[in-house]
$ cat data.pdb   # PDB, C-alpha atoms and all ligand atoms
MODEL        1
ATOM      1  CA  MET X   1      18.026  -2.866  -2.676  1.00  0.00           C
ATOM      2  CA  LYS X   2      16.511   0.274  -4.089  1.00  0.00           C
ATOM      3  CA  ILE X   3      13.194   1.739  -5.202  1.00  0.00           C
ATOM      4  CA  TYR X   4      12.426   4.423  -7.711  1.00  0.00           C
ATOM      5  CA  ASP X   5      10.071   6.416  -5.568  1.00  0.00           C
ATOM      6  CA  LEU X   6       7.489   9.187  -5.376  1.00  0.00           C
ATOM      7  CA  ASP X   7       7.033  10.531  -1.827  1.00  0.00           C
ATOM      8  CA  LEU X   8       3.293  11.258  -2.317  1.00  0.00           C
ATOM      9  CA  SER X   9       2.484   7.838  -3.780  1.00  0.00           C
ATOM     10  CA  GLY X  10       0.680   5.406  -1.486  1.00  0.00           C
ATOM     11  CA  ASN X  11       1.946   2.500  -3.576  1.00  0.00           C
ATOM     12  CA  CYS X  12       5.564   3.603  -3.109  1.00  0.00           C
ATOM     13  CA  TYR X  13       4.876   4.314   0.571  1.00  0.00           C
ATOM     14  CA  LYS X  14       3.724   0.689   1.065  1.00  0.00           C
ATOM     15  CA  VAL X  15       7.218  -0.461   0.162  1.00  0.00           C
ATOM     16  CA  ARG X  16       8.998   2.193   2.254  1.00  0.00           C
ATOM     17  CA  LEU X  17       6.715   1.425   5.218  1.00  0.00           C
ATOM     18  CA  PHE X  18       7.299  -2.312   5.073  1.00  0.00           C
ATOM     19  CA  ALA X  19      11.064  -1.881   4.703  1.00  0.00           C
ATOM     20  CA  ALA X  20      11.023   0.342   7.808  1.00  0.00           C
ATOM     21  CA  LEU X  21       8.888  -2.083   9.852  1.00  0.00           C
ATOM     22  CA  ALA X  22      11.029  -5.051   8.871  1.00  0.00           C
ATOM     23  CA  ASN X  23      14.192  -3.038   9.463  1.00  0.00           C
ATOM     24  CA  LEU X  24      15.455  -3.475   5.903  1.00  0.00           C
ATOM     25  CA  GLU X  25      17.876  -1.113   4.259  1.00  0.00           C
ATOM     26  CA  LEU X  26      16.314   0.414   1.173  1.00  0.00           C
ATOM     27  CA  GLU X  27      17.849   3.023  -1.067  1.00  0.00           C
ATOM     28  CA  ILE X  28      15.213   5.571  -2.093  1.00  0.00           C
ATOM     29  CA  ILE X  29      15.669   7.127  -5.534  1.00  0.00           C
ATOM     30  CA  PRO X  30      13.254  10.066  -5.983  1.00  0.00           C
ATOM     31  CA  VAL X  31      11.740  10.282  -9.469  1.00  0.00           C
ATOM     32  CA  ASP X  32      10.684  13.537 -11.111  1.00  0.00           C
ATOM     33  CA  PHE X  33       7.084  12.404 -11.601  1.00  0.00           C
ATOM     34  CA  LEU X  34       5.766  15.790 -12.759  1.00  0.00           C
ATOM     35  CA  GLN X  35       8.317  15.790 -15.586  1.00  0.00           C
ATOM     36  CA  GLY X  36       7.269  12.217 -16.487  1.00  0.00           C
ATOM     37  CA  GLU X  37      10.651  10.682 -15.688  1.00  0.00           C
ATOM     38  CA  HIS X  38       8.874   7.363 -14.983  1.00  0.00           C
ATOM     39  CA  GLN X  39       7.457   7.268 -18.516  1.00  0.00           C
ATOM     40  CA  VAL X  40      10.719   7.594 -20.453  1.00  0.00           C
ATOM     41  CA  GLU X  41      13.990   5.666 -20.604  1.00  0.00           C
ATOM     42  CA  PRO X  42      15.710   4.305 -18.646  1.00  0.00           C
ATOM     43  CA  LEU X  43      12.775   3.782 -16.222  1.00  0.00           C
ATOM     44  CA  LEU X  44      10.344   2.741 -18.953  1.00  0.00           C
ATOM     45  CA  SER X  45      12.446  -0.320 -19.731  1.00  0.00           C
ATOM     46  CA  LEU X  46      12.420  -1.245 -16.048  1.00  0.00           C
ATOM     47  CA  ASN X  47       8.620  -0.888 -15.925  1.00  0.00           C
ATOM     48  CA  PRO X  48       6.906  -0.796 -19.344  1.00  0.00           C
ATOM     49  CA  LEU X  49       3.676   0.203 -17.557  1.00  0.00           C
ATOM     50  CA  GLY X  50       5.274   3.581 -16.821  1.00  0.00           C
ATOM     51  CA  GLU X  51       4.412   3.437 -13.110  1.00  0.00           C
ATOM     52  CA  LEU X  52       6.094   3.649  -9.729  1.00  0.00           C
ATOM     53  CA  PRO X  53       7.302   2.028  -7.577  1.00  0.00           C
ATOM     54  CA  ILE X  54      10.049   0.146  -9.371  1.00  0.00           C
ATOM     55  CA  PHE X  55      12.142  -2.066  -7.119  1.00  0.00           C
ATOM     56  CA  ILE X  56      15.567  -3.549  -7.790  1.00  0.00           C
ATOM     57  CA  ASP X  57      17.476  -6.120  -5.772  1.00  0.00           C
ATOM     58  CA  ASP X  58      20.606  -7.170  -7.620  1.00  0.00           C
ATOM     59  CA  LYS X  59      19.305  -8.631 -10.926  1.00  0.00           C
ATOM     60  CA  LEU X  60      15.657  -8.741  -9.859  1.00  0.00           C
ATOM     61  CA  VAL X  61      13.390  -5.940 -11.099  1.00  0.00           C
ATOM     62  CA  LEU X  62       9.806  -5.723  -9.772  1.00  0.00           C
ATOM     63  CA  ARG X  63       7.062  -3.300 -10.762  1.00  0.00           C
ATOM     64  CA  ASP X  64       4.079  -3.855  -8.457  1.00  0.00           C
ATOM     65  CA  SER X  65       3.908  -2.820  -4.820  1.00  0.00           C
ATOM     66  CA  GLN X  66       2.135  -6.045  -3.787  1.00  0.00           C
ATOM     67  CA  ALA X  67       4.733  -8.182  -5.553  1.00  0.00           C
ATOM     68  CA  ILE X  68       7.476  -6.165  -3.872  1.00  0.00           C
ATOM     69  CA  LEU X  69       5.906  -6.746  -0.440  1.00  0.00           C
ATOM     70  CA  ILE X  70       5.749 -10.489  -1.119  1.00  0.00           C
ATOM     71  CA  TYR X  71       9.387 -10.534  -2.143  1.00  0.00           C
ATOM     72  CA  LEU X  72      10.673  -8.449   0.774  1.00  0.00           C
ATOM     73  CA  ALA X  73       8.635 -10.332   3.367  1.00  0.00           C
ATOM     74  CA  GLY X  74       9.356 -13.759   1.910  1.00  0.00           C
ATOM     75  CA  LYS X  75      13.048 -13.239   1.412  1.00  0.00           C
ATOM     76  CA  TYR X  76      14.033 -10.973   4.297  1.00  0.00           C
ATOM     77  CA  ALA X  77      11.347 -10.987   7.023  1.00  0.00           C
ATOM     78  CA  GLY X  78      10.481 -14.650   7.537  1.00  0.00           C
ATOM     79  CA  GLU X  79       7.154 -16.281   8.441  1.00  0.00           C
ATOM     80  CA  ALA X  80       5.808 -13.368  10.423  1.00  0.00           C
ATOM     81  CA  TRP X  81       4.610 -11.144   7.600  1.00  0.00           C
ATOM     82  CA  TRP X  82       4.115 -13.658   4.765  1.00  0.00           C
ATOM     83  CA  PRO X  83       3.395 -17.188   5.990  1.00  0.00           C
ATOM     84  CA  SER X  84       4.402 -20.223   3.929  1.00  0.00           C
ATOM     85  CA  THR X  85       1.379 -22.438   4.772  1.00  0.00           C
ATOM     86  CA  ALA X  86      -0.890 -22.417   1.708  1.00  0.00           C
ATOM     87  CA  SER X  87      -4.147 -21.568   3.506  1.00  0.00           C
ATOM     88  CA  LEU X  88      -2.575 -18.739   5.544  1.00  0.00           C
ATOM     89  CA  GLN X  89      -0.729 -17.395   2.535  1.00  0.00           C
ATOM     90  CA  ALA X  90      -3.950 -17.346   0.508  1.00  0.00           C
ATOM     91  CA  GLU X  91      -5.721 -15.477   3.311  1.00  0.00           C
ATOM     92  CA  VAL X  92      -3.044 -12.782   3.176  1.00  0.00           C
ATOM     93  CA  ALA X  93      -2.950 -12.801  -0.638  1.00  0.00           C
ATOM     94  CA  GLN X  94      -6.662 -12.067  -1.018  1.00  0.00           C
ATOM     95  CA  TRP X  95      -6.054  -8.705   0.693  1.00  0.00           C
ATOM     96  CA  LEU X  96      -3.081  -7.990  -1.562  1.00  0.00           C
ATOM     97  CA  PHE X  97      -5.411  -8.412  -4.539  1.00  0.00           C
ATOM     98  CA  THR X  98      -8.010  -6.210  -2.849  1.00  0.00           C
ATOM     99  CA  ALA X  99      -5.295  -3.543  -2.564  1.00  0.00           C
ATOM    100  CA  ALA X 100      -4.420  -3.839  -6.259  1.00  0.00           C
ATOM    101  CA  ASN X 101      -8.031  -3.867  -7.427  1.00  0.00           C
ATOM    102  CA  GLU X 102     -10.777  -2.418  -5.223  1.00  0.00           C
ATOM    103  CA  VAL X 103      -8.538  -0.059  -3.229  1.00  0.00           C
ATOM    104  CA  GLN X 104      -6.621   1.140  -6.293  1.00  0.00           C
ATOM    105  CA  HIS X 105      -9.810   1.829  -8.268  1.00  0.00           C
ATOM    106  CA  GLY X 106     -11.715   3.281  -5.310  1.00  0.00           C
ATOM    107  CA  LEU X 107      -9.860   5.021  -2.482  1.00  0.00           C
ATOM    108  CA  CYS X 108      -6.711   5.639  -4.536  1.00  0.00           C
ATOM    109  CA  ALA X 109      -8.607   6.865  -7.606  1.00  0.00           C
ATOM    110  CA  ALA X 110     -10.701   9.308  -5.532  1.00  0.00           C
ATOM    111  CA  ARG X 111      -7.484  10.821  -4.150  1.00  0.00           C
ATOM    112  CA  LEU X 112      -5.962  11.021  -7.648  1.00  0.00           C
ATOM    113  CA  VAL X 113      -8.948  13.120  -8.733  1.00  0.00           C
ATOM    114  CA  ASP X 114      -9.008  15.467  -5.719  1.00  0.00           C
ATOM    115  CA  LYS X 115      -5.302  15.861  -5.021  1.00  0.00           C
ATOM    116  CA  PHE X 116      -3.704  15.457  -8.456  1.00  0.00           C
ATOM    117  CA  ALA X 117      -6.583  16.420 -10.821  1.00  0.00           C
ATOM    118  CA  TYR X 118      -6.571  13.093 -12.682  1.00  0.00           C
ATOM    119  CA  ALA X 119      -9.447  12.834 -15.181  1.00  0.00           C
ATOM    120  CA  LEU X 120     -11.016   9.757 -13.574  1.00  0.00           C
ATOM    121  CA  ASP X 121     -14.667   9.083 -12.774  1.00  0.00           C
ATOM    122  CA  LYS X 122     -14.906  10.382  -9.192  1.00  0.00           C
ATOM    123  CA  SER X 123     -18.391   9.093  -8.487  1.00  0.00           C
ATOM    124  CA  ARG X 124     -17.438   5.598  -9.638  1.00  0.00           C
ATOM    125  CA  ALA X 125     -14.316   5.771  -7.461  1.00  0.00           C
ATOM    126  CA  LEU X 126     -16.393   6.858  -4.451  1.00  0.00           C
ATOM    127  CA  THR X 127     -18.899   4.039  -4.948  1.00  0.00           C
ATOM    128  CA  GLN X 128     -16.027   1.542  -4.957  1.00  0.00           C
ATOM    129  CA  ALA X 129     -14.339   3.258  -2.013  1.00  0.00           C
ATOM    130  CA  TYR X 130     -17.426   3.161   0.218  1.00  0.00           C
ATOM    131  CA  LYS X 131     -18.092  -0.454  -0.723  1.00  0.00           C
ATOM    132  CA  THR X 132     -14.536  -1.379   0.268  1.00  0.00           C
ATOM    133  CA  LEU X 133     -14.710   0.613   3.522  1.00  0.00           C
ATOM    134  CA  LYS X 134     -17.919  -1.174   4.490  1.00  0.00           C
ATOM    135  CA  ILE X 135     -16.316  -4.564   3.851  1.00  0.00           C
ATOM    136  CA  LEU X 136     -13.279  -3.571   5.940  1.00  0.00           C
ATOM    137  CA  GLU X 137     -15.412  -2.182   8.764  1.00  0.00           C
ATOM    138  CA  VAL X 138     -17.425  -5.412   9.038  1.00  0.00           C
ATOM    139  CA  HIS X 139     -14.331  -7.596   8.654  1.00  0.00           C
ATOM    140  CA  LEU X 140     -12.540  -5.754  11.479  1.00  0.00           C
ATOM    141  CA  ASN X 141     -15.488  -6.060  13.855  1.00  0.00           C
ATOM    142  CA  ASP X 142     -14.006  -9.127  15.546  1.00  0.00           C
ATOM    143  CA  ARG X 143     -10.385  -8.925  14.331  1.00  0.00           C
ATOM    144  CA  GLU X 144      -7.375  -6.801  15.125  1.00  0.00           C
ATOM    145  CA  TRP X 145      -5.607  -7.461  11.801  1.00  0.00           C
ATOM    146  CA  LEU X 146      -6.841  -8.177   8.286  1.00  0.00           C
ATOM    147  CA  ALA X 147      -5.503 -11.722   8.088  1.00  0.00           C
ATOM    148  CA  ILE X 148      -4.429 -14.575  10.368  1.00  0.00           C
ATOM    149  CA  ASN X 149      -4.579 -12.665  13.666  1.00  0.00           C
ATOM    150  CA  ARG X 150      -1.284 -10.868  13.308  1.00  0.00           C
ATOM    151  CA  PRO X 151       0.137  -7.989  11.295  1.00  0.00           C
ATOM    152  CA  THR X 152       1.063  -9.166   7.808  1.00  0.00           C
ATOM    153  CA  ILE X 153       1.715  -7.601   4.439  1.00  0.00           C
ATOM    154  CA  ALA X 154      -2.098  -7.683   3.996  1.00  0.00           C
ATOM    155  CA  ASP X 155      -2.331  -4.793   6.484  1.00  0.00           C
ATOM    156  CA  ILE X 156       0.581  -2.945   4.896  1.00  0.00           C
ATOM    157  CA  ALA X 157      -0.910  -3.213   1.387  1.00  0.00           C
ATOM    158  CA  ILE X 158      -4.338  -1.910   2.427  1.00  0.00           C
ATOM    159  CA  PHE X 159      -3.218   0.713   4.963  1.00  0.00           C
ATOM    160  CA  PRO X 160      -1.907   3.610   2.800  1.00  0.00           C
ATOM    161  CA  TYR X 161      -4.963   4.524   0.738  1.00  0.00           C
ATOM    162  CA  VAL X 162      -7.348   3.956   3.658  1.00  0.00           C
ATOM    163  CA  ALA X 163      -5.220   6.234   5.848  1.00  0.00           C
ATOM    164  CA  LEU X 164      -5.139   8.812   2.998  1.00  0.00           C
ATOM    165  CA  ALA X 165      -8.922   8.659   2.402  1.00  0.00           C
ATOM    166  CA  ALA X 166      -9.509  12.286   3.474  1.00  0.00           C
ATOM    167  CA  GLU X 167      -7.373  13.436   0.534  1.00  0.00           C
ATOM    168  CA  GLY X 168      -9.995  11.854  -1.718  1.00  0.00           C
ATOM    169  CA  GLY X 169     -12.802  13.659   0.090  1.00  0.00           C
ATOM    170  CA  ILE X 170     -13.786  10.644   2.202  1.00  0.00           C
ATOM    171  CA  ASP X 171     -14.642  11.060   5.885  1.00  0.00           C
ATOM    172  CA  LEU X 172     -13.466   8.062   7.912  1.00  0.00           C
ATOM    173  CA  SER X 173     -15.040   9.170  11.195  1.00  0.00           C
ATOM    174  CA  PRO X 174     -18.066   6.809  10.963  1.00  0.00           C
ATOM    175  CA  TYR X 175     -15.752   3.776  10.657  1.00  0.00           C
ATOM    176  CA  LYS X 176     -14.847   2.916  14.251  1.00  0.00           C
ATOM    177  CA  ASN X 177     -13.204  -0.447  13.564  1.00  0.00           C
ATOM    178  CA  ILE X 178     -11.167   0.921  10.673  1.00  0.00           C
ATOM    179  CA  ASN X 179      -9.945   3.827  12.809  1.00  0.00           C
ATOM    180  CA  ARG X 180      -8.859   1.465  15.566  1.00  0.00           C
ATOM    181  CA  TRP X 181      -7.019  -0.690  12.997  1.00  0.00           C
ATOM    182  CA  LEU X 182      -5.255   2.376  11.538  1.00  0.00           C
ATOM    183  CA  GLU X 183      -4.075   3.350  15.029  1.00  0.00           C
ATOM    184  CA  ARG X 184      -2.880  -0.210  15.685  1.00  0.00           C
ATOM    185  CA  ILE X 185      -0.722  -0.075  12.562  1.00  0.00           C
ATOM    186  CA  LYS X 186       0.684   3.333  13.514  1.00  0.00           C
ATOM    187  CA  LYS X 187       1.775   1.835  16.848  1.00  0.00           C
ATOM    188  CA  LEU X 188       3.907  -0.894  15.231  1.00  0.00           C
ATOM    189  CA  ASP X 189       7.618  -0.586  16.017  1.00  0.00           C
ATOM    190  CA  ARG X 190       9.500   1.549  13.473  1.00  0.00           C
ATOM    191  CA  PHE X 191       6.253   2.768  11.825  1.00  0.00           C
ATOM    192  CA  LEU X 192       6.986   5.347   9.121  1.00  0.00           C
ATOM    193  CA  TYR X 193       4.724   8.310   8.247  1.00  0.00           C
ATOM    194  CA  MET X 194       4.177   9.918   4.859  1.00  0.00           C
ATOM    195  CA  PRO X 195       2.721  13.338   3.984  1.00  0.00           C
ATOM    196  CA  GLY X 196      -1.063  13.165   4.435  1.00  0.00           C
ATOM    197  CA  ILE X 197      -0.953  10.538   7.169  1.00  0.00           C
ATOM    198  CA  GLU X 198      -1.184  12.322  10.488  1.00  0.00           C
ATOM    199  CA  LYS X 199      -0.055  11.342  13.992  1.00  0.00           C
TER     200      LYS X 199
HETATM  201  N1  LIG J 201      -0.226  -1.901  -9.373  1.00  0.00           N
HETATM  202  C1  LIG J 201       0.775  -0.894  -9.193  1.00  0.00           C
HETATM  203  C2  LIG J 201       0.168   0.471  -9.397  1.00  0.00           C
HETATM  204  C3  LIG J 201       1.242   1.540  -9.390  1.00  0.00           C
HETATM  205  C4  LIG J 201       0.691   2.905  -9.669  1.00  0.00           C
HETATM  206  O1  LIG J 201      -0.494   3.105  -9.980  1.00  0.00           O
HETATM  207  N2  LIG J 201       1.582   3.886  -9.546  1.00  0.00           N
HETATM  208  C5  LIG J 201       1.232   5.261  -9.804  1.00  0.00           C
HETATM  209  C6  LIG J 201       1.773   6.131  -8.678  1.00  0.00           C
HETATM  210  S1  LIG J 201       0.890   5.741  -7.174  1.00  0.00           S
HETATM  211  C7  LIG J 201       1.891   5.686 -11.099  1.00  0.00           C
HETATM  212  O2  LIG J 201       3.091   5.572 -11.209  1.00  0.00           O
HETATM  213  N3  LIG J 201       1.092   6.156 -12.076  1.00  0.00           N
HETATM  214  C8  LIG J 201       1.623   6.614 -13.329  1.00  0.00           C
HETATM  215  C9  LIG J 201       1.097   7.956 -13.725  1.00  0.00           C
HETATM  216  O3  LIG J 201       0.062   8.384 -13.179  1.00  0.00           O
HETATM  217  O4  LIG J 201       1.726   8.595 -14.573  1.00  0.00           O
HETATM  218  C10 LIG J 201       1.387  -1.023  -7.789  1.00  0.00           C
HETATM  219  O5  LIG J 201       0.673  -1.451  -6.870  1.00  0.00           O
HETATM  220  O6  LIG J 201       2.564  -0.727  -7.616  1.00  0.00           O
ENDMDL
END
$ encode --input "data.pdb" --output "C-alpha cells" --more "lines below"
Ligand SMILES: N[C@@H](CCC(=O)N[C@@H](CS)C(=O)NCC(=O)O)C(=O)O
Amino acid sequence: MKIYDLDLSGNCYKVRLFAALANLELEIIPVDFLQGEHQVEPLLSLNPLGELPIFIDDKLVLRDSQAILIYLAGKYAGEAWWPSTASLQAEVAQWLFTAANEVQHGLCAARLVDKFAYALDKSRALTQAYKTLKILEVHLNDREWLAINRPTIADIAIFPYVALAAEGGIDLSPYKNINRWLERIKKLDRFLYMPGIEK
C-alpha cells in the first residue's frame, strides 16, 4: 500500500496517522507540491481532481482521505475503528462528512490562507471554523470520543485540522472539551505527530 503524500497536508496526515495507529505498513511517496507534481501526469490520471492524498493498494486507487480511512479500517483494522452495524457506521460516517465539508471549508481553509497564502475568503472560513468548533465543544461535553464511545475513524478524520487550528489564526484555548479530546487522541498507542502539531 502506498500514498502520494505531502508532509504538511492534514488530509494526507489523516491517512499516515491512521496507518500508524492501526499498525499498517504504508509506503509514503513525497510529492513535489510546490512544483505542481500532483496536477500533471502521471498523478493527474490517478486523481483527476489534482489533489493529495492519492492512495493505492494493488489495483485500487482512492483519492479522498475519508474514503481511504474507510477502506483501511474496514479491510485491515476490523470492527474497532469502522463498525459494520448500520446505525453505528452511520454515526461514524456523519463525522467523516463533517471532515470533508465543514472542517475542510472552515478550519482547513483558514490555515490555507494564513500558512500557504491561498486566495480564499478568510472571514468566511473563520465563520465556518468557529461554528464547527462550537458544535464539537458541545458534542464533547459528555463524550470522550466523537462517535460510539470509542476511538474510530471519525476522530482521526476530524483531528488534524482541529489540532492545526493555530496555523489558521484560531485560538483553541477557550475550548476545554476539545483540548481534552485532542490530548486523548495524542495518547493513543503509536500516535504519530506532524509538523504544526505539538507535544
Ligand atoms: N477531499 C479531499 C481533499 C484533498 C485536498 O484538499 N488536498 C489538498 C492538500 S491538503 C490538495 O491537494 N490541494 C490541491 C492544491 O491546492 O493544489 C480529501 O479529503 O482527501
$ residues_around --input "data.pdb" --residues "X:Asp121" --least-positions-apart "2" --cutoff "10 Å" --atoms "only C-alpha atoms" --output "list in words"
His105, Gly106, Ala109, Ala110, Val113, Tyr118, Ala119, Ser123, Arg124, Ala125 and Leu126 of chain X
$ write_last_selection --input "data.pdb" --atoms "C-alpha atoms" --output "short mmCIF file (atom, residue, chain, number, x, y, z; two decimals), in the coordinates of the input"
data_model
loop_
_atom_site.label_atom_id
_atom_site.label_comp_id
_atom_site.auth_asym_id
_atom_site.auth_seq_id
_atom_site.Cartn_x
_atom_site.Cartn_y
_atom_site.Cartn_z
CA HIS X 105 -9.81 1.83 -8.27
CA GLY X 106 -11.72 3.28 -5.31
CA ALA X 109 -8.61 6.86 -7.61
CA ALA X 110 -10.70 9.31 -5.53
CA VAL X 113 -8.95 13.12 -8.73
CA TYR X 118 -6.57 13.09 -12.68
CA ALA X 119 -9.45 12.83 -15.18
CA SER X 123 -18.39 9.09 -8.49
CA ARG X 124 -17.44 5.60 -9.64
CA ALA X 125 -14.32 5.77 -7.46
CA LEU X 126 -16.39 6.86 -4.45
#
$ resolve_selection --input "data.pdb" --expression "the PyMOL selection byres (((not hetatm)) within 7 of (chain J and resi 201))" --output "PyMOL selection string"
chain X and resi 9-12+36+50-53+63-66+100
$ residues_near_point --input "data.pdb" --point "(1.7, 3.9, 15.3)" --cutoff "12 Å" --atoms "only C-alpha atoms" --output "ChimeraX atom specification"
/X:17,21,159,163,179-193,197-199
$ axis_aligned_box --input "data.pdb" --around "stretch 34-45 of chain X" --padding-each-side "4 Å" --output "JSON"
{"center_x": 10.7, "center_y": 7.7, "center_z": -16.7, "size_x": 17.9, "size_y": 24.1, "size_z": 15.8}
$ residues_around --input "data.pdb" --residues "stretch 167-178 of chain X" --least-positions-apart "4" --cutoff "6 Å" --atoms "only C-alpha atoms" --output "NGL selection string"
:X and (110-111 or 114 or 137 or 140)
$ closest_residue --input "data.pdb" --among "X:Leu120, X:Ile156, X:Leu62, X:Trp145" --to "X:Leu49" --atoms "only C-alpha atoms"
X:Leu62
$ atom_distance --input "data.pdb" --atom1 "atom CA of X:Ile3" --atom2 "atom CA of X:Val103"
21.9 Å
$ atom_distance --input "data.pdb" --atom1 "atom CA of X:Ile153" --atom2 "atom CA of X:Trp82"
6.5 Å
$ closest_residue --input "data.pdb" --among "X:Ala73, X:Ala117, X:Ile28, X:Val92" --to "X:Tyr13" --atoms "only C-alpha atoms"
X:Ile28
$ decode --input "data.pdb" --residues "stretch 143-188 of chain X" --atoms "C-alpha atoms" --output "CSV table (one decimal), in the first residue's frame"
chain,number,residue,atom,x,y,z
X,143,ARG,CA,-18.3,12.2,25.5
X,144,GLU,CA,-14.7,11.1,25.2
X,145,TRP,CA,-14.8,10.3,21.5
X,146,LEU,CA,-16.8,11.7,18.6
X,147,ALA,CA,-18.8,8.6,17.9
X,148,ILE,CA,-19.9,5.4,19.6
X,149,ASN,CA,-17.9,5.8,22.8
X,150,ARG,CA,-14.6,4.6,21.4
X,151,PRO,CA,-11.9,5.9,19.1
X,152,THR,CA,-13.0,5.5,15.5
X,153,ILE,CA,-12.0,6.9,12.1
X,154,ALA,CA,-14.5,9.8,13.0
X,155,ASP,CA,-11.9,11.1,15.5
X,156,ILE,CA,-9.0,10.6,13.0
X,157,ALA,CA,-10.8,12.4,10.2
X,158,ILE,CA,-11.6,15.5,12.4
X,159,PHE,CA,-8.4,15.6,14.4
X,160,PRO,CA,-5.8,17.1,12.0
X,161,TYR,CA,-7.3,20.4,11.1
X,162,VAL,CA,-8.6,21.0,14.7
X,163,ALA,CA,-5.1,20.3,16.1
X,164,LEU,CA,-3.7,22.6,13.4
X,165,ALA,CA,-6.2,25.4,14.1
X,166,ALA,CA,-3.5,27.9,15.4
X,167,GLU,CA,-1.9,27.8,11.9
X,168,GLY,CA,-5.1,29.4,10.7
X,169,GLY,CA,-5.0,32.0,13.4
X,170,ILE,CA,-7.6,30.3,15.6
X,171,ASP,CA,-7.0,30.2,19.4
X,172,LEU,CA,-8.2,26.9,20.8
X,173,SER,CA,-7.7,27.8,24.5
X,174,PRO,CA,-11.4,28.6,25.2
X,175,TYR,CA,-12.4,25.1,24.1
X,176,LYS,CA,-11.8,22.9,27.2
X,177,ASN,CA,-13.6,19.8,25.9
X,178,ILE,CA,-11.9,19.9,22.5
X,179,ASN,CA,-8.5,20.3,24.2
X,180,ARG,CA,-9.1,17.3,26.3
X,181,TRP,CA,-10.2,15.3,23.3
X,182,LEU,CA,-7.0,16.3,21.3
X,183,GLU,CA,-4.9,15.1,24.3
X,184,ARG,CA,-6.8,11.8,24.4
X,185,ILE,CA,-6.0,11.2,20.7
X,186,LYS,CA,-2.4,12.1,21.2
X,187,LYS,CA,-2.2,9.4,24.0
X,188,LEU,CA,-3.4,6.6,21.7
